[in-house]
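> Dropping in structure.txt, with compact mmCIF, N, CA and C atoms.
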# COMPACT_ATOMS: atom_id res chain seq x y z
N MET Z 1 69.68 76.49 92.95
CA MET Z 1 69.71 77.47 91.90
C MET Z 1 68.27 77.78 91.52
N THR Z 2 67.98 79.03 91.34
CA THR Z 2 66.63 79.41 90.96
C THR Z 2 66.38 79.03 89.51
N ARG Z 3 65.10 78.93 89.15
CA ARG Z 3 64.75 78.62 87.76
C ARG Z 3 65.32 79.69 86.83
N ARG Z 4 65.26 80.94 87.26
CA ARG Z 4 65.75 82.03 86.41
C ARG Z 4 67.24 81.90 86.17
N ALA Z 5 68.00 81.59 87.21
CA ALA Z 5 69.44 81.41 87.06
C ALA Z 5 69.73 80.22 86.16
N ALA Z 6 68.98 79.14 86.33
CA ALA Z 6 69.17 77.96 85.50
C ALA Z 6 68.83 78.27 84.04
N ALA Z 7 67.77 79.01 83.82
CA ALA Z 7 67.40 79.38 82.45
C ALA Z 7 68.46 80.28 81.83
N THR Z 8 69.00 81.19 82.62
CA THR Z 8 70.06 82.06 82.13
C THR Z 8 71.27 81.22 81.74
N LEU Z 9 71.59 80.23 82.54
CA LEU Z 9 72.70 79.34 82.22
C LEU Z 9 72.43 78.61 80.92
N ALA Z 10 71.23 78.12 80.72
CA ALA Z 10 70.89 77.40 79.49
C ALA Z 10 71.03 78.32 78.28
N ILE Z 11 70.62 79.56 78.44
CA ILE Z 11 70.74 80.53 77.35
C ILE Z 11 72.20 80.74 77.01
N LEU Z 12 73.01 80.93 78.02
CA LEU Z 12 74.43 81.14 77.79
C LEU Z 12 75.06 79.96 77.10
N LEU Z 13 74.69 78.77 77.51
CA LEU Z 13 75.30 77.58 76.94
C LEU Z 13 74.92 77.37 75.48
N GLY Z 14 73.90 78.03 75.04
CA GLY Z 14 73.55 77.95 73.64
C GLY Z 14 74.49 78.75 72.77
N ILE Z 15 75.31 79.51 73.39
CA ILE Z 15 76.24 80.35 72.68
C ILE Z 15 77.62 79.73 72.78
N THR Z 16 78.32 79.68 71.66
CA THR Z 16 79.63 79.08 71.70
C THR Z 16 80.62 79.85 70.87
N GLY Z 17 81.82 79.55 71.08
CA GLY Z 17 83.00 80.23 70.76
C GLY Z 17 83.61 80.48 69.44
N CYS Z 18 84.89 80.36 69.31
CA CYS Z 18 85.57 80.92 68.19
C CYS Z 18 86.99 80.42 68.01
N GLY Z 19 87.66 80.66 66.92
CA GLY Z 19 89.07 80.48 66.83
C GLY Z 19 89.88 79.83 65.75
N GLY Z 20 90.70 78.78 65.50
CA GLY Z 20 91.86 78.53 64.72
C GLY Z 20 92.17 77.57 63.60
N SER Z 21 92.27 77.78 61.96
CA SER Z 21 92.85 76.79 61.00
C SER Z 21 93.29 77.17 59.59
N GLY Z 22 93.39 78.23 59.02
CA GLY Z 22 93.86 78.51 57.68
C GLY Z 22 93.30 79.85 57.25
N SER Z 23 93.80 80.32 56.12
CA SER Z 23 93.38 81.63 55.64
C SER Z 23 92.08 81.50 54.84
N ILE Z 24 91.02 82.05 55.39
CA ILE Z 24 89.72 82.04 54.73
C ILE Z 24 89.15 83.45 54.74
N THR Z 25 88.15 83.67 53.94
CA THR Z 25 87.51 84.99 53.90
C THR Z 25 86.62 85.16 55.13
N PRO Z 26 86.33 86.40 55.48
CA PRO Z 26 85.40 86.62 56.59
C PRO Z 26 84.05 85.95 56.34
N ALA Z 27 83.55 86.00 55.12
CA ALA Z 27 82.25 85.39 54.82
C ALA Z 27 82.29 83.87 55.02
N THR Z 28 83.38 83.24 54.59
CA THR Z 28 83.52 81.79 54.76
C THR Z 28 83.64 81.44 56.24
N TYR Z 29 84.43 82.22 56.97
CA TYR Z 29 84.59 81.99 58.41
C TYR Z 29 83.23 82.09 59.10
N ARG Z 30 82.52 83.16 58.81
CA ARG Z 30 81.21 83.37 59.45
C ARG Z 30 80.25 82.22 59.11
N ALA Z 31 80.25 81.78 57.87
CA ALA Z 31 79.35 80.69 57.47
C ALA Z 31 79.68 79.41 58.23
N LYS Z 32 80.96 79.09 58.33
CA LYS Z 32 81.36 77.87 59.05
C LYS Z 32 81.02 77.94 60.53
N VAL Z 33 81.34 79.04 61.15
CA VAL Z 33 81.11 79.18 62.59
C VAL Z 33 79.61 79.28 62.89
N ASN Z 34 78.88 80.03 62.08
CA ASN Z 34 77.43 80.10 62.28
C ASN Z 34 76.79 78.71 62.16
N LYS Z 35 77.29 77.89 61.24
CA LYS Z 35 76.75 76.53 61.09
C LYS Z 35 77.03 75.70 62.34
N LEU Z 36 78.24 75.81 62.88
CA LEU Z 36 78.57 75.08 64.10
C LEU Z 36 77.69 75.54 65.27
N CYS Z 37 77.50 76.84 65.38
CA CYS Z 37 76.65 77.36 66.45
C CYS Z 37 75.21 76.89 66.28
N ALA Z 38 74.72 76.91 65.06
CA ALA Z 38 73.35 76.46 64.80
C ALA Z 38 73.18 74.99 65.18
N THR Z 39 74.18 74.19 64.89
CA THR Z 39 74.13 72.77 65.25
C THR Z 39 74.13 72.60 66.77
N GLY Z 40 75.00 73.31 67.46
CA GLY Z 40 75.04 73.25 68.92
C GLY Z 40 73.73 73.73 69.53
N ASN Z 41 73.18 74.80 68.98
CA ASN Z 41 71.90 75.32 69.47
C ASN Z 41 70.79 74.29 69.29
N ALA Z 42 70.79 73.62 68.14
CA ALA Z 42 69.76 72.60 67.88
C ALA Z 42 69.89 71.44 68.87
N GLN Z 43 71.11 71.06 69.20
CA GLN Z 43 71.32 70.00 70.18
C GLN Z 43 70.78 70.40 71.55
N ILE Z 44 71.01 71.64 71.93
CA ILE Z 44 70.49 72.14 73.21
C ILE Z 44 68.96 72.19 73.18
N GLU Z 45 68.41 72.71 72.10
CA GLU Z 45 66.95 72.83 72.01
C GLU Z 45 66.26 71.46 72.00
N ALA Z 46 66.97 70.41 71.56
CA ALA Z 46 66.39 69.06 71.54
C ALA Z 46 66.37 68.41 72.92
N LEU Z 47 67.12 68.96 73.87
CA LEU Z 47 67.12 68.40 75.22
C LEU Z 47 65.76 68.63 75.88
N PRO Z 48 65.42 67.79 76.85
CA PRO Z 48 64.15 67.99 77.57
C PRO Z 48 64.08 69.39 78.18
N ALA Z 49 62.90 69.97 78.13
CA ALA Z 49 62.69 71.32 78.64
C ALA Z 49 63.11 71.47 80.11
N ASN Z 50 63.03 70.40 80.87
CA ASN Z 50 63.39 70.48 82.29
C ASN Z 50 64.87 70.24 82.55
N SER Z 51 65.70 70.24 81.51
CA SER Z 51 67.14 70.00 81.67
C SER Z 51 67.80 70.97 82.63
N VAL Z 52 67.31 72.19 82.67
CA VAL Z 52 67.93 73.20 83.53
C VAL Z 52 67.57 73.01 85.00
N ASN Z 53 66.74 72.01 85.30
CA ASN Z 53 66.31 71.78 86.67
C ASN Z 53 67.13 70.73 87.40
N SER Z 54 68.17 70.20 86.77
CA SER Z 54 69.00 69.19 87.43
C SER Z 54 70.46 69.43 87.12
N ILE Z 55 71.31 68.96 88.01
CA ILE Z 55 72.75 69.10 87.78
C ILE Z 55 73.13 68.32 86.53
N ALA Z 56 72.60 67.11 86.37
CA ALA Z 56 72.91 66.30 85.19
C ALA Z 56 72.51 67.02 83.90
N GLY Z 57 71.36 67.68 83.92
CA GLY Z 57 70.91 68.41 82.75
C GLY Z 57 71.82 69.59 82.44
N ILE Z 58 72.22 70.31 83.47
CA ILE Z 58 73.12 71.45 83.28
C ILE Z 58 74.48 70.96 82.79
N GLU Z 59 74.94 69.82 83.31
CA GLU Z 59 76.20 69.26 82.83
C GLU Z 59 76.12 68.89 81.35
N ARG Z 60 74.98 68.38 80.92
CA ARG Z 60 74.79 68.04 79.50
C ARG Z 60 74.82 69.31 78.64
N LEU Z 61 74.15 70.36 79.09
CA LEU Z 61 74.19 71.64 78.39
C LEU Z 61 75.62 72.14 78.27
N ASP Z 62 76.35 72.06 79.36
CA ASP Z 62 77.74 72.50 79.40
C ASP Z 62 78.60 71.68 78.44
N ALA Z 63 78.38 70.37 78.39
CA ALA Z 63 79.14 69.49 77.50
C ALA Z 63 78.90 69.86 76.04
N ILE Z 64 77.66 70.15 75.67
CA ILE Z 64 77.35 70.53 74.29
C ILE Z 64 78.04 71.86 73.96
N ALA Z 65 77.94 72.82 74.85
CA ALA Z 65 78.56 74.12 74.62
C ALA Z 65 80.07 74.00 74.47
N ASN Z 66 80.69 73.22 75.35
CA ASN Z 66 82.15 73.08 75.28
C ASN Z 66 82.61 72.31 74.05
N ALA Z 67 81.85 71.30 73.64
CA ALA Z 67 82.19 70.56 72.42
C ALA Z 67 82.09 71.46 71.20
N THR Z 68 81.05 72.27 71.16
CA THR Z 68 80.89 73.20 70.05
C THR Z 68 82.02 74.22 70.04
N LEU Z 69 82.34 74.73 71.20
CA LEU Z 69 83.42 75.69 71.32
C LEU Z 69 84.75 75.10 70.84
N ARG Z 70 85.03 73.86 71.22
CA ARG Z 70 86.27 73.20 70.76
C ARG Z 70 86.30 73.10 69.24
N ARG Z 71 85.17 72.75 68.62
CA ARG Z 71 85.12 72.65 67.15
C ARG Z 71 85.34 74.02 66.51
N ILE Z 72 84.75 75.04 67.08
CA ILE Z 72 84.89 76.38 66.51
C ILE Z 72 86.34 76.87 66.63
N LYS Z 73 86.99 76.52 67.71
CA LYS Z 73 88.38 76.96 67.91
C LYS Z 73 89.34 76.36 66.88
N THR Z 74 88.92 75.36 66.13
CA THR Z 74 89.79 74.80 65.09
C THR Z 74 89.79 75.63 63.82
N ILE Z 75 88.94 76.64 63.76
CA ILE Z 75 88.84 77.49 62.57
C ILE Z 75 89.53 78.83 62.87
N THR Z 76 90.55 79.15 62.10
CA THR Z 76 91.27 80.41 62.30
C THR Z 76 90.51 81.56 61.66
N PRO Z 77 90.21 82.59 62.43
CA PRO Z 77 89.50 83.73 61.83
C PRO Z 77 90.43 84.54 60.93
N PRO Z 78 89.90 85.11 59.88
CA PRO Z 78 90.74 85.99 59.05
C PRO Z 78 91.14 87.22 59.84
N SER Z 79 92.26 87.80 59.48
CA SER Z 79 92.81 88.92 60.25
C SER Z 79 91.85 90.08 60.39
N SER Z 80 91.00 90.29 59.41
CA SER Z 80 90.09 91.44 59.46
C SER Z 80 89.05 91.35 60.57
N ILE Z 81 88.77 90.14 61.06
CA ILE Z 81 87.81 89.99 62.16
C ILE Z 81 88.43 89.28 63.36
N SER Z 82 89.72 89.04 63.30
CA SER Z 82 90.41 88.30 64.35
C SER Z 82 90.27 88.94 65.73
N SER Z 83 90.40 90.24 65.80
CA SER Z 83 90.31 90.92 67.09
C SER Z 83 88.93 90.72 67.72
N ALA Z 84 87.89 90.91 66.93
CA ALA Z 84 86.52 90.73 67.45
C ALA Z 84 86.29 89.29 67.87
N VAL Z 85 86.79 88.36 67.10
CA VAL Z 85 86.61 86.94 67.40
C VAL Z 85 87.34 86.57 68.69
N HIS Z 86 88.55 87.05 68.85
CA HIS Z 86 89.31 86.71 70.06
C HIS Z 86 88.74 87.38 71.31
N THR Z 87 88.17 88.55 71.16
CA THR Z 87 87.47 89.18 72.28
C THR Z 87 86.30 88.31 72.70
N TRP Z 88 85.53 87.86 71.71
CA TRP Z 88 84.38 86.99 71.98
C TRP Z 88 84.83 85.69 72.61
N LEU Z 89 85.92 85.13 72.11
CA LEU Z 89 86.45 83.88 72.66
C LEU Z 89 86.80 84.04 74.14
N GLY Z 90 87.42 85.17 74.49
CA GLY Z 90 87.74 85.42 75.89
C GLY Z 90 86.50 85.47 76.76
N THR Z 91 85.45 86.08 76.24
CA THR Z 91 84.19 86.14 76.98
C THR Z 91 83.62 84.74 77.17
N LEU Z 92 83.68 83.94 76.12
CA LEU Z 92 83.16 82.57 76.21
C LEU Z 92 83.98 81.71 77.16
N ASP Z 93 85.28 81.92 77.20
CA ASP Z 93 86.10 81.20 78.17
C ASP Z 93 85.70 81.55 79.59
N ARG Z 94 85.39 82.83 79.82
CA ARG Z 94 84.93 83.26 81.15
C ARG Z 94 83.57 82.61 81.47
N ALA Z 95 82.71 82.53 80.47
CA ALA Z 95 81.41 81.89 80.67
C ALA Z 95 81.58 80.41 81.01
N SER Z 96 82.50 79.76 80.34
CA SER Z 96 82.75 78.34 80.62
C SER Z 96 83.25 78.15 82.05
N SER Z 97 84.12 79.02 82.48
CA SER Z 97 84.63 78.96 83.85
C SER Z 97 83.50 79.18 84.86
N ASP Z 98 82.68 80.20 84.60
CA ASP Z 98 81.55 80.49 85.50
C ASP Z 98 80.59 79.31 85.56
N THR Z 99 80.34 78.68 84.42
CA THR Z 99 79.45 77.53 84.38
C THR Z 99 80.02 76.38 85.20
N GLY Z 100 81.31 76.15 85.09
CA GLY Z 100 81.95 75.12 85.91
C GLY Z 100 81.79 75.41 87.40
N GLN Z 101 81.90 76.68 87.76
CA GLN Z 101 81.73 77.06 89.16
C GLN Z 101 80.29 76.86 89.62
N ILE Z 102 79.32 77.11 88.73
CA ILE Z 102 77.92 76.88 89.07
C ILE Z 102 77.69 75.40 89.34
N ILE Z 103 78.21 74.56 88.47
CA ILE Z 103 78.05 73.11 88.63
C ILE Z 103 78.68 72.65 89.95
N THR Z 104 79.87 73.14 90.24
CA THR Z 104 80.55 72.80 91.49
C THR Z 104 79.72 73.24 92.69
N ALA Z 105 79.19 74.45 92.64
CA ALA Z 105 78.37 74.96 93.75
C ALA Z 105 77.11 74.11 93.92
N LEU Z 106 76.48 73.76 92.83
CA LEU Z 106 75.27 72.94 92.92
C LEU Z 106 75.57 71.56 93.51
N ARG Z 107 76.67 70.96 93.09
CA ARG Z 107 77.05 69.65 93.63
C ARG Z 107 77.28 69.73 95.13
N ALA Z 108 77.77 70.87 95.60
CA ALA Z 108 78.05 71.06 97.03
C ALA Z 108 76.81 71.54 97.79
N GLY Z 109 75.69 71.69 97.08
CA GLY Z 109 74.47 72.14 97.74
C GLY Z 109 74.45 73.64 98.02
N GLN Z 110 75.33 74.37 97.41
CA GLN Z 110 75.44 75.81 97.63
C GLN Z 110 74.57 76.56 96.61
N THR Z 111 73.28 76.48 96.80
CA THR Z 111 72.36 77.06 95.82
C THR Z 111 72.41 78.58 95.78
N THR Z 112 72.69 79.20 96.90
CA THR Z 112 72.80 80.67 96.92
C THR Z 112 73.99 81.10 96.07
N GLN Z 113 75.12 80.43 96.25
CA GLN Z 113 76.32 80.73 95.44
C GLN Z 113 76.03 80.47 93.97
N ALA Z 114 75.35 79.38 93.65
CA ALA Z 114 75.02 79.06 92.26
C ALA Z 114 74.13 80.15 91.66
N ALA Z 115 73.17 80.64 92.43
CA ALA Z 115 72.29 81.70 91.95
C ALA Z 115 73.06 82.99 91.71
N THR Z 116 74.00 83.31 92.59
CA THR Z 116 74.84 84.50 92.41
C THR Z 116 75.65 84.38 91.13
N LEU Z 117 76.25 83.21 90.93
CA LEU Z 117 77.02 82.96 89.71
C LEU Z 117 76.11 83.02 88.48
N GLY Z 118 74.86 82.58 88.64
CA GLY Z 118 73.90 82.67 87.54
C GLY Z 118 73.69 84.10 87.08
N GLY Z 119 73.72 85.03 88.02
CA GLY Z 119 73.63 86.45 87.67
C GLY Z 119 74.83 86.90 86.86
N GLN Z 120 76.01 86.40 87.23
CA GLN Z 120 77.21 86.72 86.46
C GLN Z 120 77.11 86.15 85.05
N VAL Z 121 76.58 84.94 84.96
CA VAL Z 121 76.42 84.28 83.66
C VAL Z 121 75.48 85.10 82.77
N ALA Z 122 74.44 85.66 83.35
CA ALA Z 122 73.51 86.48 82.58
C ALA Z 122 74.22 87.68 81.97
N ALA Z 123 75.08 88.32 82.74
CA ALA Z 123 75.83 89.48 82.24
C ALA Z 123 76.80 89.06 81.14
N VAL Z 124 77.47 87.94 81.33
CA VAL Z 124 78.40 87.44 80.32
C VAL Z 124 77.63 87.05 79.05
N ASN Z 125 76.44 86.49 79.21
CA ASN Z 125 75.60 86.12 78.07
C ASN Z 125 75.28 87.35 77.23
N THR Z 126 74.89 88.42 77.87
CA THR Z 126 74.58 89.65 77.16
C THR Z 126 75.81 90.16 76.41
N GLN Z 127 76.95 90.14 77.09
CA GLN Z 127 78.19 90.60 76.47
C GLN Z 127 78.57 89.71 75.28
N SER Z 128 78.49 88.40 75.43
CA SER Z 128 78.88 87.50 74.34
C SER Z 128 77.94 87.63 73.14
N ASN Z 129 76.65 87.85 73.40
CA ASN Z 129 75.71 88.08 72.29
C ASN Z 129 76.11 89.33 71.50
N THR Z 130 76.43 90.39 72.21
CA THR Z 130 76.84 91.64 71.56
C THR Z 130 78.11 91.42 70.75
N GLU Z 131 79.08 90.71 71.32
CA GLU Z 131 80.34 90.46 70.62
C GLU Z 131 80.15 89.55 69.41
N ALA Z 132 79.30 88.54 69.54
CA ALA Z 132 79.03 87.64 68.40
C ALA Z 132 78.40 88.42 67.25
N LYS Z 133 77.43 89.26 67.57
CA LYS Z 133 76.78 90.06 66.54
C LYS Z 133 77.78 91.00 65.87
N ALA Z 134 78.67 91.60 66.66
CA ALA Z 134 79.68 92.51 66.11
C ALA Z 134 80.61 91.79 65.15
N ALA Z 135 80.84 90.50 65.39
CA ALA Z 135 81.71 89.70 64.52
C ALA Z 135 80.93 89.09 63.35
N GLY Z 136 79.63 89.34 63.28
CA GLY Z 136 78.81 88.79 62.21
C GLY Z 136 78.41 87.34 62.43
N LEU Z 137 78.39 86.92 63.68
CA LEU Z 137 78.08 85.53 64.02
C LEU Z 137 76.71 85.46 64.68
N ASP Z 138 75.70 85.74 63.89
CA ASP Z 138 74.34 85.85 64.42
C ASP Z 138 73.81 84.55 65.02
N SER Z 139 74.14 83.40 64.42
CA SER Z 139 73.68 82.13 64.99
C SER Z 139 74.28 81.89 66.37
N CYS Z 140 75.45 82.45 66.57
CA CYS Z 140 76.14 82.28 67.85
C CYS Z 140 75.61 83.26 68.90
N ALA Z 141 74.86 84.23 68.46
CA ALA Z 141 74.28 85.21 69.38
C ALA Z 141 72.84 84.88 69.73
N SER Z 142 72.34 83.75 69.23
CA SER Z 142 70.96 83.38 69.57
C SER Z 142 70.97 82.55 70.84
N ASP Z 143 69.92 82.68 71.62
CA ASP Z 143 69.84 82.00 72.90
C ASP Z 143 69.07 80.67 72.77
N ALA Z 144 69.79 79.58 72.87
CA ALA Z 144 69.17 78.26 72.79
C ALA Z 144 68.70 77.83 74.17
N ILE Z 145 67.48 77.33 74.23
CA ILE Z 145 66.88 76.86 75.48
C ILE Z 145 66.33 75.46 75.23
N PRO Z 146 66.58 74.51 76.12
CA PRO Z 146 66.00 73.17 75.92
C PRO Z 146 64.48 73.25 75.78
N ARG Z 147 63.97 72.59 74.74
CA ARG Z 147 62.53 72.64 74.45
C ARG Z 147 61.94 71.25 74.22
N GLY Z 148 62.78 70.21 74.27
CA GLY Z 148 62.30 68.87 73.97
C GLY Z 148 61.42 68.30 75.06
N SER Z 149 60.97 67.09 74.80
CA SER Z 149 60.11 66.43 75.80
C SER Z 149 60.80 65.24 76.41
Translate this file's structure into structure tokens.


Amino acid sequence: MTRRAAATLAILLGITGCGGSGSITPATYRAKVNKLCATGNAQIEALPANSVNSIAGIERLDAIANATLRRIKTITPPSSISSAVHTWLGTLDRASSDTGQIITALRAGQTTQAATLGGQVAAVNTQSNTEAKAAGLDSCASDAIPRGS
């Protein structure tokens, strides 16, 4: 996988999902979900900067993104933003699937396939950022990149 594809994957993984638990206002929903995204982003940013250069590092990024996504899915969006949230969730599910395929390709030594999938991840990242912003989830639309030492 090229450095660019790996960096794109790291950016995507800084973004996480959406979804299901009681009747709350849009402002309360956004505050809760933005806080979860900010926490997940901070965890990714704390990882060593070279995390995107190894399968183990990419798996750690994926684990953080998926754990954050699972936590967000426990919060039910209010009906007024439910459609936007569920659209975003579908995009994030696609990103998770693509990330799994990248990891599988890398484990098999298929770096060309992983790089191709990295391009798909970049497109999904752009789409999910747009959808997060449309739902008022700005922390979820920020691109987290490992910066630690």

> Using DSSP on the backbone coordinates, identify the residues of chain Z assigned to alpha helix (DSSP H); present them as a PyMOL selection string.

chain Z and resi 3-13+26-46+55-72+79-107+111-134

> Excluding Z:Cys37 and its own-chain neighbours fewer than 2 positions away, which residues fall within 7 Å of it when counting only C-alpha atoms? Please give them as a PyMOL selection string.

chain Z and resi 15-16+33-35+39-41+68+139-140

> Which of these, Z:Thr116, Z:Gln101, Z:Ser142, Z:Ser96, has the shortest distance to Z:Asn66 once you count only N, CA and C atoms?

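Closest residue, counting only N, CA and C atoms: Z:Ser96.
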
> Determine the nearest neighbour of Z:Ile64 from the options Z:Thr76, Z:Pro146, Z:Ser83, Z:Ser128, counting only C-alpha atoms.

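Nearest candidate to Z:Ile64 out of Z:Thr76, Z:Pro146, Z:Ser83, Z:Ser128: Z:Pro146.
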
> For Z:Pro48, please output as a count of residues only all residues within 6 Å (counting all atoms listed in the file; exclusion window: fewer than 6 positions along the same chain).

4

> What would the list of residues within 5 Å of (79.9, 77.0, 81.3) (file frame) look like as a PyMOL selection string, if all atoms listed in the file are what count?

chain Z and resi 95-100

> May I ask for the distance between atom CA of Z:Ala114 and atom CA of Z:Asp138, given in Å to one decimal place?

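Distance between the two atoms: 28.7 Å.
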
> Using all atoms listed in the file, can you tell me which of Z:Lys73, Z:Ser80, Z:Arg30, Z:Arg107 comes closest to Z:Leu137?

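Using all atoms listed in the file, the shortest distance to Z:Leu137 belongs to Z:Arg30.
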
> Nearest residue to Z:Val52 out of Z:Thr130, Z:Asp93, Z:Gly118, Z:His86, using only C-alpha atoms?

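Smallest distance to Z:Val52 is found for Z:Gly118.
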
> Between atom C of Z:Ala135 and atom CA of Z:Tyr29, measure the distance and give it in Å to one decimal.

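Rounded to one decimal, the two atoms are 9.4 Å apart.
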
> Considering only C-alpha atoms, can you say which of Z:Gly90, Z:Leu69, Z:Asp143, Z:Ala132 comes closest to Z:Glu45?

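Answer, going by the shortest atom-to-atom distance: Z:Asp143.
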
> Check the smallest atom-to-atom distance from each of Z:Ile72, Z:Gln110, Z:Pro78, Z:Ala122 to Z:Pro26 using only C-alpha atoms, then report the winner.

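For Z:Pro26, the nearest of the candidates is Z:Pro78.
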
> Go ahead and compute the interatomic distance for atom CA of Z:Gly119 and atom CA of Z:Ile102, in Å to one decimal.

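A separation of 10.6 Å between them.
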